[in-house]
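Student: This is model20.csv (CSV, C-alpha atoms and all ligand atoms).
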chain,number,residue,atom,x,y,z
X,1,MET,CA,-101.7,-62.3,-15.5
X,2,LYS,CA,-101.0,-63.8,-12.1
X,3,GLN,CA,-97.4,-63.6,-11.0
X,4,PRO,CA,-95.6,-67.0,-11.4
X,5,ILE,CA,-95.1,-68.7,-8.1
X,6,GLU,CA,-91.6,-69.9,-7.1
X,7,VAL,CA,-91.5,-73.6,-6.1
X,8,THR,CA,-87.8,-74.2,-6.2
X,9,GLY,CA,-86.8,-77.1,-4.0
X,10,GLY,CA,-83.1,-76.3,-3.4
X,11,PRO,CA,-79.9,-75.2,-5.1
X,12,GLY,CA,-79.6,-75.2,-8.9
X,13,GLY,CA,-82.1,-73.8,-11.4
X,14,SER,CA,-85.2,-71.9,-10.1
X,15,VAL,CA,-88.6,-73.5,-10.6
X,16,PHE,CA,-91.8,-71.5,-11.3
X,17,LEU,CA,-95.5,-72.4,-11.6
X,18,ILE,CA,-97.3,-70.4,-14.4
X,19,GLU,CA,-101.1,-70.5,-14.2
X,20,GLY,CA,-103.5,-69.9,-17.0
X,21,SER,CA,-107.3,-70.2,-16.8
X,22,GLU,CA,-107.3,-73.6,-18.5
X,23,LYS,CA,-103.8,-75.0,-18.1
X,24,THR,CA,-100.8,-74.9,-15.7
X,25,ALA,CA,-97.1,-75.0,-16.7
X,26,LEU,CA,-94.0,-75.5,-14.7
X,27,TYR,CA,-90.8,-73.7,-15.7
X,28,ASP,CA,-87.9,-76.2,-15.2
X,29,ALA,CA,-88.0,-78.7,-12.3
X,30,GLY,CA,-84.6,-78.6,-10.5
X,31,MET,CA,-82.3,-81.3,-9.3
X,32,ALA,CA,-83.5,-84.8,-8.6
X,33,TYR,CA,-82.7,-84.8,-4.8
X,34,CYS,CA,-84.6,-81.5,-4.4
X,35,ALA,CA,-87.8,-83.0,-6.0
X,36,PRO,CA,-89.7,-83.8,-2.7
X,37,VAL,CA,-89.4,-80.2,-1.5
X,38,MET,CA,-90.2,-78.8,-4.9
X,39,MET,CA,-93.2,-81.1,-5.3
X,40,GLU,CA,-94.6,-80.2,-1.9
X,41,LYS,CA,-94.4,-76.5,-2.7
X,42,LEU,CA,-95.9,-77.2,-6.1
X,43,ASP,CA,-98.8,-79.2,-4.6
X,44,LYS,CA,-99.6,-76.2,-2.3
X,45,ALA,CA,-99.3,-73.7,-5.1
X,46,LEU,CA,-101.6,-75.8,-7.4
X,47,LYS,CA,-104.4,-75.7,-4.9
X,48,GLY,CA,-106.0,-78.9,-6.2
X,49,ARG,CA,-105.4,-78.2,-9.9
X,50,THR,CA,-103.3,-80.6,-12.0
X,51,LEU,CA,-100.0,-79.9,-13.7
X,52,ASP,CA,-100.4,-79.9,-17.5
X,53,TYR,CA,-97.1,-78.8,-18.9
X,54,MET,CA,-93.4,-78.5,-18.1
X,55,LEU,CA,-91.1,-76.0,-20.0
X,56,VAL,CA,-87.5,-77.0,-20.4
X,57,SER,CA,-85.1,-74.0,-20.4
X,58,HIS,CA,-82.2,-76.3,-21.3
X,59,SER,CA,-81.0,-79.9,-20.7
X,60,HIS,CA,-78.7,-79.4,-17.7
X,61,TYR,CA,-79.3,-81.7,-14.8
X,62,ASP,CA,-79.7,-78.9,-12.2
X,63,HIS,CA,-82.7,-77.6,-14.2
X,64,ILE,CA,-84.7,-80.7,-15.3
X,65,ALA,CA,-83.6,-83.8,-13.4
X,66,ALA,CA,-86.8,-83.8,-11.3
X,67,MET,CA,-88.9,-84.3,-14.5
X,68,PRO,CA,-89.4,-88.1,-14.0
X,69,TYR,CA,-91.0,-87.6,-10.5
X,70,LEU,CA,-93.4,-85.0,-12.1
X,71,ARG,CA,-94.4,-87.6,-14.7
X,72,GLN,CA,-95.0,-90.2,-11.9
X,73,ARG,CA,-97.4,-87.8,-10.1
X,74,TYR,CA,-99.0,-86.2,-13.2
X,75,PRO,CA,-99.1,-89.0,-15.8
X,76,GLN,CA,-100.7,-86.7,-18.5
X,77,LEU,CA,-97.8,-84.2,-18.2
X,78,LYS,CA,-96.5,-82.8,-21.5
X,79,VAL,CA,-92.9,-81.6,-21.6
X,80,PHE,CA,-91.9,-78.8,-24.1
X,81,GLY,CA,-88.4,-78.2,-25.1
X,82,SER,CA,-86.1,-77.4,-28.1
X,83,GLN,CA,-85.1,-79.9,-30.8
X,84,HIS,CA,-81.6,-79.9,-29.4
X,85,ALA,CA,-82.7,-80.7,-25.9
X,86,HIS,CA,-84.9,-83.5,-27.3
X,87,ASP,CA,-81.9,-85.0,-29.1
X,88,VAL,CA,-79.6,-84.6,-26.0
X,89,LEU,CA,-82.1,-86.6,-23.9
X,90,GLU,CA,-82.1,-89.4,-26.5
X,91,ARG,CA,-78.4,-90.1,-25.8
X,92,GLN,CA,-77.7,-92.8,-23.3
X,93,GLY,CA,-74.4,-91.1,-22.3
X,94,ALA,CA,-76.2,-87.8,-21.4
X,95,LEU,CA,-78.7,-89.7,-19.2
X,96,GLU,CA,-75.9,-91.6,-17.5
X,97,LEU,CA,-74.0,-88.3,-16.9
X,98,MET,CA,-77.2,-86.7,-15.5
X,99,ARG,CA,-77.7,-89.6,-13.1
X,100,ARG,CA,-74.1,-89.3,-11.9
X,101,LEU,CA,-74.3,-85.5,-11.4
X,102,ASN,CA,-77.6,-85.9,-9.5
X,103,GLU,CA,-76.0,-88.3,-7.1
X,104,GLU,CA,-72.9,-86.2,-6.7
X,105,ALA,CA,-75.0,-83.1,-6.1
X,106,ALA,CA,-77.0,-84.8,-3.4
X,107,GLU,CA,-73.8,-85.8,-1.7
X,108,TYR,CA,-72.2,-82.4,-2.1
X,109,TYR,CA,-75.2,-80.6,-0.6
X,110,GLY,CA,-75.4,-83.0,2.4
X,111,ALA,CA,-78.1,-85.4,1.3
X,112,PRO,CA,-76.3,-88.5,0.1
X,113,GLY,CA,-78.5,-91.2,-1.3
X,114,ALA,CA,-81.4,-88.9,-1.5
X,115,VAL,CA,-82.0,-89.4,-5.2
X,116,ALA,CA,-85.2,-91.5,-5.4
X,117,PRO,CA,-85.4,-94.2,-8.0
X,118,TYR,CA,-86.5,-93.0,-11.5
X,119,ASP,CA,-86.6,-94.3,-15.0
X,120,ASP,CA,-84.2,-92.7,-17.5
X,121,ALA,CA,-86.9,-93.0,-20.2
X,122,ASP,CA,-89.0,-90.4,-18.3
X,123,LEU,CA,-86.4,-87.8,-19.1
X,124,HIS,CA,-87.6,-86.8,-22.5
X,125,ILE,CA,-89.2,-84.0,-24.5
X,126,ASP,CA,-92.8,-84.7,-25.6
X,127,VAL,CA,-93.3,-81.6,-27.8
X,128,VAL,CA,-90.5,-79.9,-29.7
X,129,VAL,CA,-91.0,-76.1,-29.8
X,130,LYS,CA,-89.1,-73.4,-31.7
X,131,GLU,CA,-88.9,-69.6,-32.1
X,132,GLY,CA,-92.3,-68.0,-32.2
X,133,ASP,CA,-94.3,-71.0,-31.1
X,134,LEU,CA,-97.1,-70.3,-28.7
X,135,ILE,CA,-98.2,-72.6,-25.8
X,136,GLY,CA,-101.7,-71.8,-24.8
X,137,LEU,CA,-102.8,-71.9,-21.1
X,138,GLY,CA,-106.3,-70.4,-21.7
X,139,ASP,CA,-106.3,-66.7,-21.0
X,140,ILE,CA,-102.6,-66.4,-21.5
X,141,SER,CA,-100.0,-67.9,-23.9
X,142,ILE,CA,-96.4,-68.7,-23.5
X,143,ARG,CA,-94.2,-67.6,-26.4
X,144,VAL,CA,-91.0,-69.4,-27.2
X,145,LEU,CA,-87.7,-67.7,-28.0
X,146,GLU,CA,-84.6,-69.6,-29.1
X,147,ASN,CA,-81.8,-68.5,-26.9
X,148,PRO,CA,-78.5,-70.4,-27.6
X,149,GLY,CA,-75.2,-69.5,-26.0
X,150,HIS,CA,-75.2,-71.2,-22.5
X,151,THR,CA,-76.0,-74.4,-24.4
X,152,LYS,CA,-77.2,-74.9,-27.9
X,153,CYS,CA,-80.5,-76.1,-26.5
X,154,CYS,CA,-81.5,-73.0,-24.5
X,155,LEU,CA,-85.0,-71.5,-24.8
X,156,ALA,CA,-86.4,-68.4,-23.3
X,157,PHE,CA,-90.2,-68.1,-22.6
X,158,VAL,CA,-92.4,-65.1,-22.5
X,159,ALA,CA,-95.6,-65.6,-20.4
X,160,GLY,CA,-98.6,-63.4,-21.1
X,161,GLU,CA,-96.3,-60.8,-22.7
X,162,GLU,CA,-95.6,-59.7,-19.2
X,163,TYR,CA,-92.9,-62.0,-17.8
X,164,ILE,CA,-89.8,-63.2,-19.5
X,165,PHE,CA,-87.8,-66.2,-18.4
X,166,PRO,CA,-84.5,-65.7,-20.1
X,167,SER,CA,-82.2,-68.7,-20.1
X,168,GLU,CA,-78.7,-68.7,-18.5
X,169,THR,CA,-77.4,-67.7,-21.9
X,170,THR,CA,-78.1,-64.0,-20.9
X,171,CYS,CA,-76.4,-64.5,-17.5
X,172,TYR,CA,-77.7,-65.7,-14.1
X,173,LYS,CA,-78.2,-63.6,-11.0
X,174,SER,CA,-76.8,-64.4,-7.6
X,175,ARG,CA,-78.5,-63.7,-4.3
X,176,SER,CA,-76.4,-60.6,-3.9
X,177,GLY,CA,-78.1,-59.2,-7.0
X,178,LYS,CA,-75.0,-59.4,-9.3
X,179,VAL,CA,-75.2,-61.0,-12.7
X,180,TYR,CA,-72.6,-63.5,-14.0
X,181,PRO,CA,-72.0,-64.8,-17.5
X,182,ALA,CA,-72.4,-68.4,-18.5
X,183,PHE,CA,-71.7,-68.6,-22.2
X,184,LEU,CA,-70.6,-72.2,-22.4
X,185,SER,CA,-71.5,-73.0,-26.0
X,186,GLY,CA,-71.1,-69.6,-27.7
X,187,CYS,CA,-70.2,-66.1,-26.6
X,188,ALA,CA,-71.3,-64.6,-29.9
X,189,ASP,CA,-74.5,-66.6,-29.7
X,190,SER,CA,-75.0,-65.3,-26.1
X,191,LEU,CA,-74.7,-61.7,-27.2
X,192,THR,CA,-77.2,-62.3,-30.1
X,193,SER,CA,-79.6,-64.0,-27.7
X,194,LEU,CA,-79.3,-61.2,-25.2
X,195,TYR,CA,-80.3,-58.6,-27.8
X,196,HIS,CA,-83.1,-60.8,-28.9
X,197,CYS,CA,-84.5,-61.0,-25.3
X,198,SER,CA,-84.0,-57.2,-24.7
X,199,LYS,CA,-85.8,-56.4,-28.0
X,200,GLN,CA,-89.0,-58.1,-26.7
X,201,HIS,CA,-89.5,-55.2,-24.2
X,202,ILE,CA,-91.1,-57.4,-21.6
X,203,PRO,CA,-91.4,-55.5,-18.3
X,204,LYS,CA,-90.8,-58.3,-15.8
X,205,ILE,CA,-87.7,-60.4,-15.8
X,206,MET,CA,-87.5,-63.8,-14.0
X,207,ALA,CA,-83.7,-64.0,-13.8
X,208,PRO,CA,-82.1,-67.5,-13.8
X,209,HIS,CA,-81.2,-68.8,-10.4
X,210,TYR,CA,-82.8,-65.8,-8.8
X,211,GLY,CA,-86.4,-64.9,-9.7
X,212,LEU,CA,-88.3,-61.7,-10.3
X,213,VAL,CA,-86.0,-58.8,-10.8
X,214,THR,CA,-87.1,-55.9,-8.6
X,215,ASP,CA,-83.9,-54.1,-7.9
X,216,SER,CA,-83.6,-52.6,-11.4
X,217,THR,CA,-85.6,-51.8,-14.5
X,218,SER,CA,-85.6,-54.4,-17.3
X,219,GLY,CA,-83.5,-52.0,-19.4
X,220,GLN,CA,-80.9,-51.8,-16.6
X,221,TYR,CA,-81.0,-55.5,-16.1
X,222,TRP,CA,-80.1,-56.3,-19.8
X,223,GLN,CA,-77.5,-53.6,-19.7
X,224,ALA,CA,-75.8,-55.2,-16.6
X,225,CYS,CA,-75.9,-58.6,-18.4
X,226,LEU,CA,-74.3,-57.2,-21.5
X,227,LYS,CA,-71.5,-55.5,-19.4
X,228,SER,CA,-70.9,-58.7,-17.5
X,229,ILE,CA,-70.6,-60.8,-20.7
X,230,LEU,CA,-68.3,-58.3,-22.4
X,231,GLU,CA,-66.1,-57.9,-19.4
X,232,SER,CA,-65.5,-61.6,-19.1
X,233,ARG,CA,-65.0,-62.1,-22.8
X,234,ASP,CA,-62.5,-59.2,-23.2
X,235,PHE,CA,-60.6,-60.4,-20.1
X,236,ILE,CA,-60.2,-63.9,-21.7
X,237,VAL,CA,-59.2,-62.5,-25.1
X,238,GLU,CA,-56.6,-60.2,-23.5
X,239,TRP,CA,-55.0,-63.1,-21.6
X,240,GLY,CA,-55.2,-65.3,-24.7
X,241,GLU,CA,-53.4,-62.7,-26.7
X,242,MET,CA,-50.6,-62.7,-24.1
X,243,GLY,CA,-50.1,-66.3,-24.9
X,244,LYS,CA,-51.3,-67.7,-21.6
X,245,SER,CA,-52.3,-71.3,-21.1
X,246,GLU,CA,-55.9,-72.3,-20.2
X,247,ASP,CA,-54.8,-73.0,-16.6
X,248,GLU,CA,-53.2,-69.6,-16.3
X,249,ILE,CA,-56.3,-67.9,-17.7
X,250,LEU,CA,-58.5,-69.9,-15.4
X,251,ASN,CA,-56.4,-68.8,-12.3
X,252,ALA,CA,-56.4,-65.2,-13.4
X,253,TYR,CA,-60.2,-65.3,-14.2
X,254,GLU,CA,-60.8,-66.7,-10.7
X,255,VAL,CA,-58.9,-63.9,-9.0
X,256,ARG,CA,-60.6,-61.3,-11.1
X,257,PHE,CA,-64.2,-62.5,-11.2
X,258,ARG,CA,-64.9,-65.2,-8.5
X,259,ASP,CA,-66.3,-63.4,-5.5
X,260,ASP,CA,-67.6,-64.8,-2.1
X,261,GLU,CA,-71.1,-65.0,-3.5
X,262,ILE,CA,-70.1,-67.3,-6.3
X,263,ARG,CA,-67.8,-69.3,-4.0
X,264,ALA,CA,-70.8,-69.9,-1.7
X,265,GLU,CA,-73.3,-70.7,-4.5
X,266,GLN,CA,-71.1,-72.7,-7.0
X,267,PRO,CA,-69.0,-75.7,-6.0
X,268,ASN,CA,-65.3,-75.5,-7.1
X,269,HIS,CA,-65.5,-78.2,-9.7
X,270,ALA,CA,-68.6,-76.6,-11.3
X,271,PHE,CA,-66.8,-73.2,-11.4
X,272,ASP,CA,-63.8,-74.9,-13.0
X,273,ILE,CA,-65.8,-76.8,-15.7
X,274,ASN,CA,-67.9,-73.8,-16.6
X,275,THR,CA,-65.0,-71.3,-16.7
X,276,ARG,CA,-62.9,-73.6,-18.8
X,277,ALA,CA,-65.8,-74.0,-21.3
X,278,MET,CA,-66.1,-70.2,-21.4
X,279,ILE,CA,-62.3,-69.8,-22.0
X,280,ARG,CA,-62.3,-72.3,-24.8
X,281,THR,CA,-65.4,-70.8,-26.4
X,282,VAL,CA,-63.9,-67.3,-26.4
X,283,LEU,CA,-60.5,-68.3,-27.7
X,284,HIS,CA,-62.1,-70.5,-30.4
X,285,GLU,CA,-64.3,-67.6,-31.6
X,286,HIS,CA,-61.5,-65.1,-31.3
X,287,ALA,CA,-59.1,-67.2,-33.4
X,288,ARG,CA,-61.8,-67.6,-36.1
X,289,GLY,CA,-63.1,-64.1,-36.1
X,290,ILE,CA,-66.6,-65.3,-35.0
X,291,SER,CA,-68.6,-62.4,-33.6
X,292,SER,CA,-72.3,-61.4,-33.0
X,293,PRO,CA,-74.0,-59.3,-35.7
X,294,MET,CA,-75.1,-57.2,-32.7
X,295,GLU,CA,-71.6,-56.4,-31.5
X,296,GLY,CA,-71.2,-52.7,-30.8
X,297,HIS,CA,-74.9,-51.9,-31.2
X,298,PRO,CA,-76.8,-50.2,-28.4
X,299,LEU,CA,-79.3,-52.5,-26.7
X,300,PRO,CA,-82.8,-52.1,-28.1
C,1,ZN,ZN,-77.1,-74.7,-17.3
Could the structure of this file be written out as structure tokens, please?
Ligand SMILES: [Zn+2]
Tutor:
Amino acid sequence: MKQPIEVTGGPGGSVFLIEGSEKTALYDAGMAYCAPVMMEKLDKALKGRTLDYMLVSHSHYDHIAAMPYLRQRYPQLKVFGSQHAHDVLERQGALELMRRLNEEAAEYYGAPGAVAPYDDADLHIDVVVKEGDLIGLGDISIRVLENPGHTKCCLAFVAGEEYIFPSETTCYKSRSGKVYPAFLSGCADSLTSLYHCSKQHIPKIMAPHYGLVTDSTSGQYWQACLKSILESRDFIVEWGEMGKSEDEILNAYEVRFRDDEIRAEQPNHAFDINTRAMIRTVLHEHARGISSPMEGHPLP
């Protein structure tokens, strides 16, 4: 199949165009204020074709907030996502939070007021998909994998059995090439999801926030992700067992894991919110003896 084309409009989640002989699909959409750049790139990449589908990796604003502008331009667009993402986007509170985060992000990245008007009702999932479902694009299909761990609503997608788009559940990759964990809703779930992705034996990985992985084999990539998740988890468990508070663990975690790359790519408040969620998740699972059935197994 043709290599997916990156049309990312700015910081946040990467956006890719996947082309089949009959239909086209966009993987995520990015932040609202980045929509004009993303859509200009998308227009060029489409070369006169229309956009038929959008695939939602998960319901975070930095991945899907540009969806309403896509609907404005491509009124027949069908958006595919998990049941959980569908339900999140039905909640008024979630839509209000997304609007606020969009505006704050525009301001943070130096484009205050750049969020064009949109209708909250245009942020919704049209077609709920689940594990094993196929989305046909003509000569290729996109296969759905459930991938909870970063959020409960995360999906991974396999395009043409050649490219896998794992969600942030299995880590994200910085420009420096390093992978970082992001198990906000479940560390045990993240490990299970990581094994699930690895087991597919798909040769080409489209790493979250990065794109096509070319600096390692897929096996090495999954191994690096596993190591990164376990290192973070074990660090939090160790500090938790020492009786440290969440603030103390956060500070220690920052010293140990937050490097210049992450400092440049992730604003302070986002690092704070995400790391606190990871700390709570790990301590919660540790206290209740929750672990992945894959724990200790070699990666497939
Ligand atoms: Zn996310």
Student: Can you work out which one of X:Gly30, X:Gly186, X:Pro117, X:Pro148 has the shortest atom-to-atom distance to Val282 in chain X, counting all atoms listed in the file?
Tutor: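 Counting all atoms listed in the file, the residue closest to Val282 in chain X is X:Gly186.
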Student: How many Å lie between CA of Ser141 in chain X and CA of Asp28 in chain X, rounded to one decimal?
Tutor: 17.1 Å
Student: Could you tell me, counting only C-alpha atoms and all ligand atoms, which protein and nucleic acid residues lie no more than 8 Å from ligand ZN 1 (chain C), written as a PyMOL selection string?
Tutor: chain X and resi 13+58-63+150-151+168+182
Student: Using C-alpha atoms, can you write the selected residues to a file as a tab-separated table (two decimals), in the frame of the given file?
Tutor:
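Written out: out.tsv:
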chain	number	residue	atom	x	y	z
X	13	GLY	CA	-82.10	-73.80	-11.40
X	58	HIS	CA	-82.20	-76.30	-21.30
X	59	SER	CA	-81.00	-79.90	-20.70
X	60	HIS	CA	-78.70	-79.40	-17.70
X	61	TYR	CA	-79.30	-81.70	-14.80
X	62	ASP	CA	-79.70	-78.90	-12.20
X	63	HIS	CA	-82.70	-77.60	-14.20
X	150	HIS	CA	-75.20	-71.20	-22.50
X	151	THR	CA	-76.00	-74.40	-24.40
X	168	GLU	CA	-78.70	-68.70	-18.50
X	182	ALA	CA	-72.40	-68.40	-18.50
Student: Tell me which protein, DNA and RNA residues are within 9 Å of Ala188 in chain X, counting all atoms listed in the file, leaving out same-chain ones fewer than 5 positions away, and put them as a list of chain:residue names.
Tutor: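 Contacts, with the query itself left out: X:Gly149, X:Phe183, X:Ser193, X:Val282, X:Glu285, X:Ile290, X:Ser291, X:Ser292, X:Pro293, X:Met294, X:Glu295.
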Student: Point out the residue among X:Tyr172, X:Tyr74, X:Trp239, X:Tyr210 with the least atom-to-atom distance to Cys225 in chain X, counting only C-alpha atoms.
Tutor: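 Closest to Cys225 in chain X, using only C-alpha atoms: X:Tyr172.
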Student: Nearest to Leu184 in chain X: which of X:Arg233, X:Pro112, X:Val7, X:Glu131 is it, counting all atoms listed in the file?
Tutor: X:Arg233
Student: Rounded to one decimal, what separation in Å do you get between CA of Ala116 in chain X and CA of Thr8 in chain X?
Tutor: 17.5 Å
Student: Which value, in Å to one decimal, gives the distance between CA of Ile140 in chain X and CA of Glu161 in chain X?
Tutor: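 Value for the CA of Ile140 in chain X-CA of Glu161 in chain X distance: 8.5 Å.
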Student: Counting only C-alpha atoms, select every polymer residue within 12 Å of (-86.2, -94.2, -17.0) as defined in the file's coordinates, and provide the selection as a list in words.
Tutor: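 Checking each residue against the 12 Å limit leaves Ala65, Ala66, Met67, Pro68, Tyr69, Arg71, Gln72, Leu89, Glu90, Gln92, Leu95, Glu96, Met98, Arg99, Ala116, Pro117, Tyr118, Asp119, Asp120, Ala121, Asp122, Leu123 and His124 of chain X.
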Student: Around the point (-109.1, -65.0, -17.0) (coordinates from the file), which residues reach within 9 Å if we count all atoms listed in the file? Answer as a PyMOL selection string.
Tutor: chain X and resi 1+20-22+138-140
Student: Determine the nearest neighbour of Ser232 in chain X from the options X:Val37, X:Ala252, X:Ala94, X:Ala32, counting all atoms listed in the file.
Tutor: X:Ala252
Student: Nearest to Asp260 in chain X among X:Ser174, X:Gly48, X:Ile164, X:Gly219, with distances taken over only C-alpha atoms: which residue is it?
Tutor: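 Closest to Asp260 in chain X, using only C-alpha atoms: X:Ser174.
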Student: Compile the contact shell of range 155-158 of chain X as a short mmCIF file (atom, residue, chain, number, x, y, z; two decimals) with C-alpha atoms, in the coordinates of the input: residues with an atom at most 7 Å away, counting all atoms listed in the file, same-chain residues fewer than 5 positions apart removed.
Tutor:
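Dumped to out16.cif:
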data_model
loop_
_atom_site.label_atom_id
_atom_site.label_comp_id
_atom_site.auth_asym_id
_atom_site.auth_seq_id
_atom_site.Cartn_x
_atom_site.Cartn_y
_atom_site.Cartn_z
CA SER X 57 -85.10 -74.00 -20.40
CA HIS X 58 -82.20 -76.30 -21.30
CA SER X 82 -86.10 -77.40 -28.10
CA ILE X 142 -96.40 -68.70 -23.50
CA ARG X 143 -94.20 -67.60 -26.40
CA VAL X 144 -91.00 -69.40 -27.20
CA LEU X 145 -87.70 -67.70 -28.00
CA GLU X 146 -84.60 -69.60 -29.10
CA ASN X 147 -81.80 -68.50 -26.90
CA TYR X 163 -92.90 -62.00 -17.80
CA ILE X 164 -89.80 -63.20 -19.50
CA PHE X 165 -87.80 -66.20 -18.40
CA PRO X 166 -84.50 -65.70 -20.10
CA SER X 167 -82.20 -68.70 -20.10
#
Student: I need the residue nearest Ile262 in chain X from this list: X:Ala207, X:Ala29, X:Val179, X:Ile125. Use all atoms listed in the file for the distance.
Tutor: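 Among X:Ala207, X:Ala29, X:Val179, X:Ile125, it is X:Val179 that comes nearest to Ile262 in chain X.
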Student: Excluding Glu238 in chain X and its own-chain neighbours fewer than 5 positions away, which residues fall within 10 Å of it when counting all atoms listed in the file? Please give them as a list in words.
Tutor: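 After dropping sequence-adjacent residues, the list is Arg233, Gly243, Lys244, Ile249 and Leu283 of chain X.
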Student: Report as a JSON list (two decimals) with C-alpha atoms, keeping the file's coordinate frame all protein, DNA and RNA residues lying within 10 Å of Gly240 in chain X, evaluated on all atoms listed in the file, omitting residues in the same chain fewer than 4 positions from it.
Tutor:
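Written out: result-v6.json:
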[["chain", "number", "residue", "atom", "x", "y", "z"],
["X", 234, "ASP", "CA", -62.50, -59.20, -23.20],
["X", 235, "PHE", "CA", -60.60, -60.40, -20.10],
["X", 236, "ILE", "CA", -60.20, -63.90, -21.70],
["X", 244, "LYS", "CA", -51.30, -67.70, -21.60],
["X", 245, "SER", "CA", -52.30, -71.30, -21.10],
["X", 246, "GLU", "CA", -55.90, -72.30, -20.20],
["X", 248, "GLU", "CA", -53.20, -69.60, -16.30],
["X", 249, "ILE", "CA", -56.30, -67.90, -17.70],
["X", 279, "ILE", "CA", -62.30, -69.80, -22.00],
["X", 280, "ARG", "CA", -62.30, -72.30, -24.80],
["X", 282, "VAL", "CA", -63.90, -67.30, -26.40],
["X", 283, "LEU", "CA", -60.50, -68.30, -27.70],
["X", 286, "HIS", "CA", -61.50, -65.10, -31.30],
["X", 287, "ALA", "CA", -59.10, -67.20, -33.40]]
Student: Show which residues sit within 12 Å of Arg258 in chain X, as a ChimeraX atom specification. Count all atoms listed in the file, and ignore same-chain residues fewer than 2 positions away.
Tutor: /X:174,178-181,232,250-256,260-268,271-272,275
Student: Please output range 108-122 of chain X, rebuilt to include N, CA and C atoms, as an mmCIF file, in the coordinates of the input.
Tutor:
data_model
loop_
_atom_site.group_PDB
_atom_site.id
_atom_site.type_symbol
_atom_site.label_atom_id
_atom_site.label_comp_id
_atom_site.auth_asym_id
_atom_site.auth_seq_id
_atom_site.Cartn_x
_atom_site.Cartn_y
_atom_site.Cartn_z
ATOM 1 N N TYR X 108 -72.865 -83.662 -2.292
ATOM 2 C CA TYR X 108 -72.200 -82.400 -2.100
ATOM 3 C C TYR X 108 -73.038 -81.482 -1.142
ATOM 4 N N TYR X 109 -74.361 -81.487 -1.368
ATOM 5 C CA TYR X 109 -75.200 -80.600 -0.600
ATOM 6 C C TYR X 109 -75.745 -81.278 0.695
ATOM 7 N N GLY X 110 -75.099 -82.394 1.090
ATOM 8 C CA GLY X 110 -75.400 -83.000 2.400
ATOM 9 C C GLY X 110 -76.616 -83.890 2.429
ATOM 10 N N ALA X 111 -77.010 -84.458 1.275
ATOM 11 C CA ALA X 111 -78.100 -85.400 1.300
ATOM 12 C C ALA X 111 -77.785 -86.636 0.490
ATOM 13 N N PRO X 112 -76.680 -87.340 0.913
ATOM 14 C CA PRO X 112 -76.300 -88.500 0.100
ATOM 15 C C PRO X 112 -77.352 -89.568 0.069
ATOM 16 N N GLY X 113 -77.493 -90.180 -1.096
ATOM 17 C CA GLY X 113 -78.500 -91.200 -1.300
ATOM 18 C C GLY X 113 -79.913 -90.736 -1.370
ATOM 19 N N ALA X 114 -80.087 -89.413 -1.488
ATOM 20 C CA ALA X 114 -81.400 -88.900 -1.500
ATOM 21 C C ALA X 114 -82.114 -88.835 -2.857
ATOM 22 N N VAL X 115 -81.408 -89.343 -3.882
ATOM 23 C CA VAL X 115 -82.000 -89.400 -5.200
ATOM 24 C C VAL X 115 -82.943 -90.602 -5.292
ATOM 25 N N ALA X 116 -84.241 -90.355 -5.323
ATOM 26 C CA ALA X 116 -85.200 -91.500 -5.400
ATOM 27 C C ALA X 116 -85.131 -92.153 -6.730
ATOM 28 N N PRO X 117 -85.508 -93.449 -6.768
ATOM 29 C CA PRO X 117 -85.400 -94.200 -8.000
ATOM 30 C C PRO X 117 -86.250 -93.509 -9.135
ATOM 31 N N TYR X 118 -85.714 -93.515 -10.336
ATOM 32 C CA TYR X 118 -86.500 -93.000 -11.500
ATOM 33 C C TYR X 118 -86.030 -93.744 -12.734
ATOM 34 N N ASP X 119 -86.864 -93.627 -13.768
ATOM 35 C CA ASP X 119 -86.600 -94.300 -15.000
ATOM 36 C C ASP X 119 -86.012 -93.270 -16.005
ATOM 37 N N ASP X 120 -84.831 -93.589 -16.563
ATOM 38 C CA ASP X 120 -84.200 -92.700 -17.500
ATOM 39 C C ASP X 120 -85.153 -92.306 -18.664
ATOM 40 N N ALA X 121 -86.018 -93.250 -19.038
ATOM 41 C CA ALA X 121 -86.900 -93.000 -20.200
ATOM 42 C C ALA X 121 -87.901 -91.865 -19.884
ATOM 43 N N ASP X 122 -88.069 -91.518 -18.598
ATOM 44 C CA ASP X 122 -89.000 -90.400 -18.300
ATOM 45 C C ASP X 122 -88.329 -89.046 -18.418
#
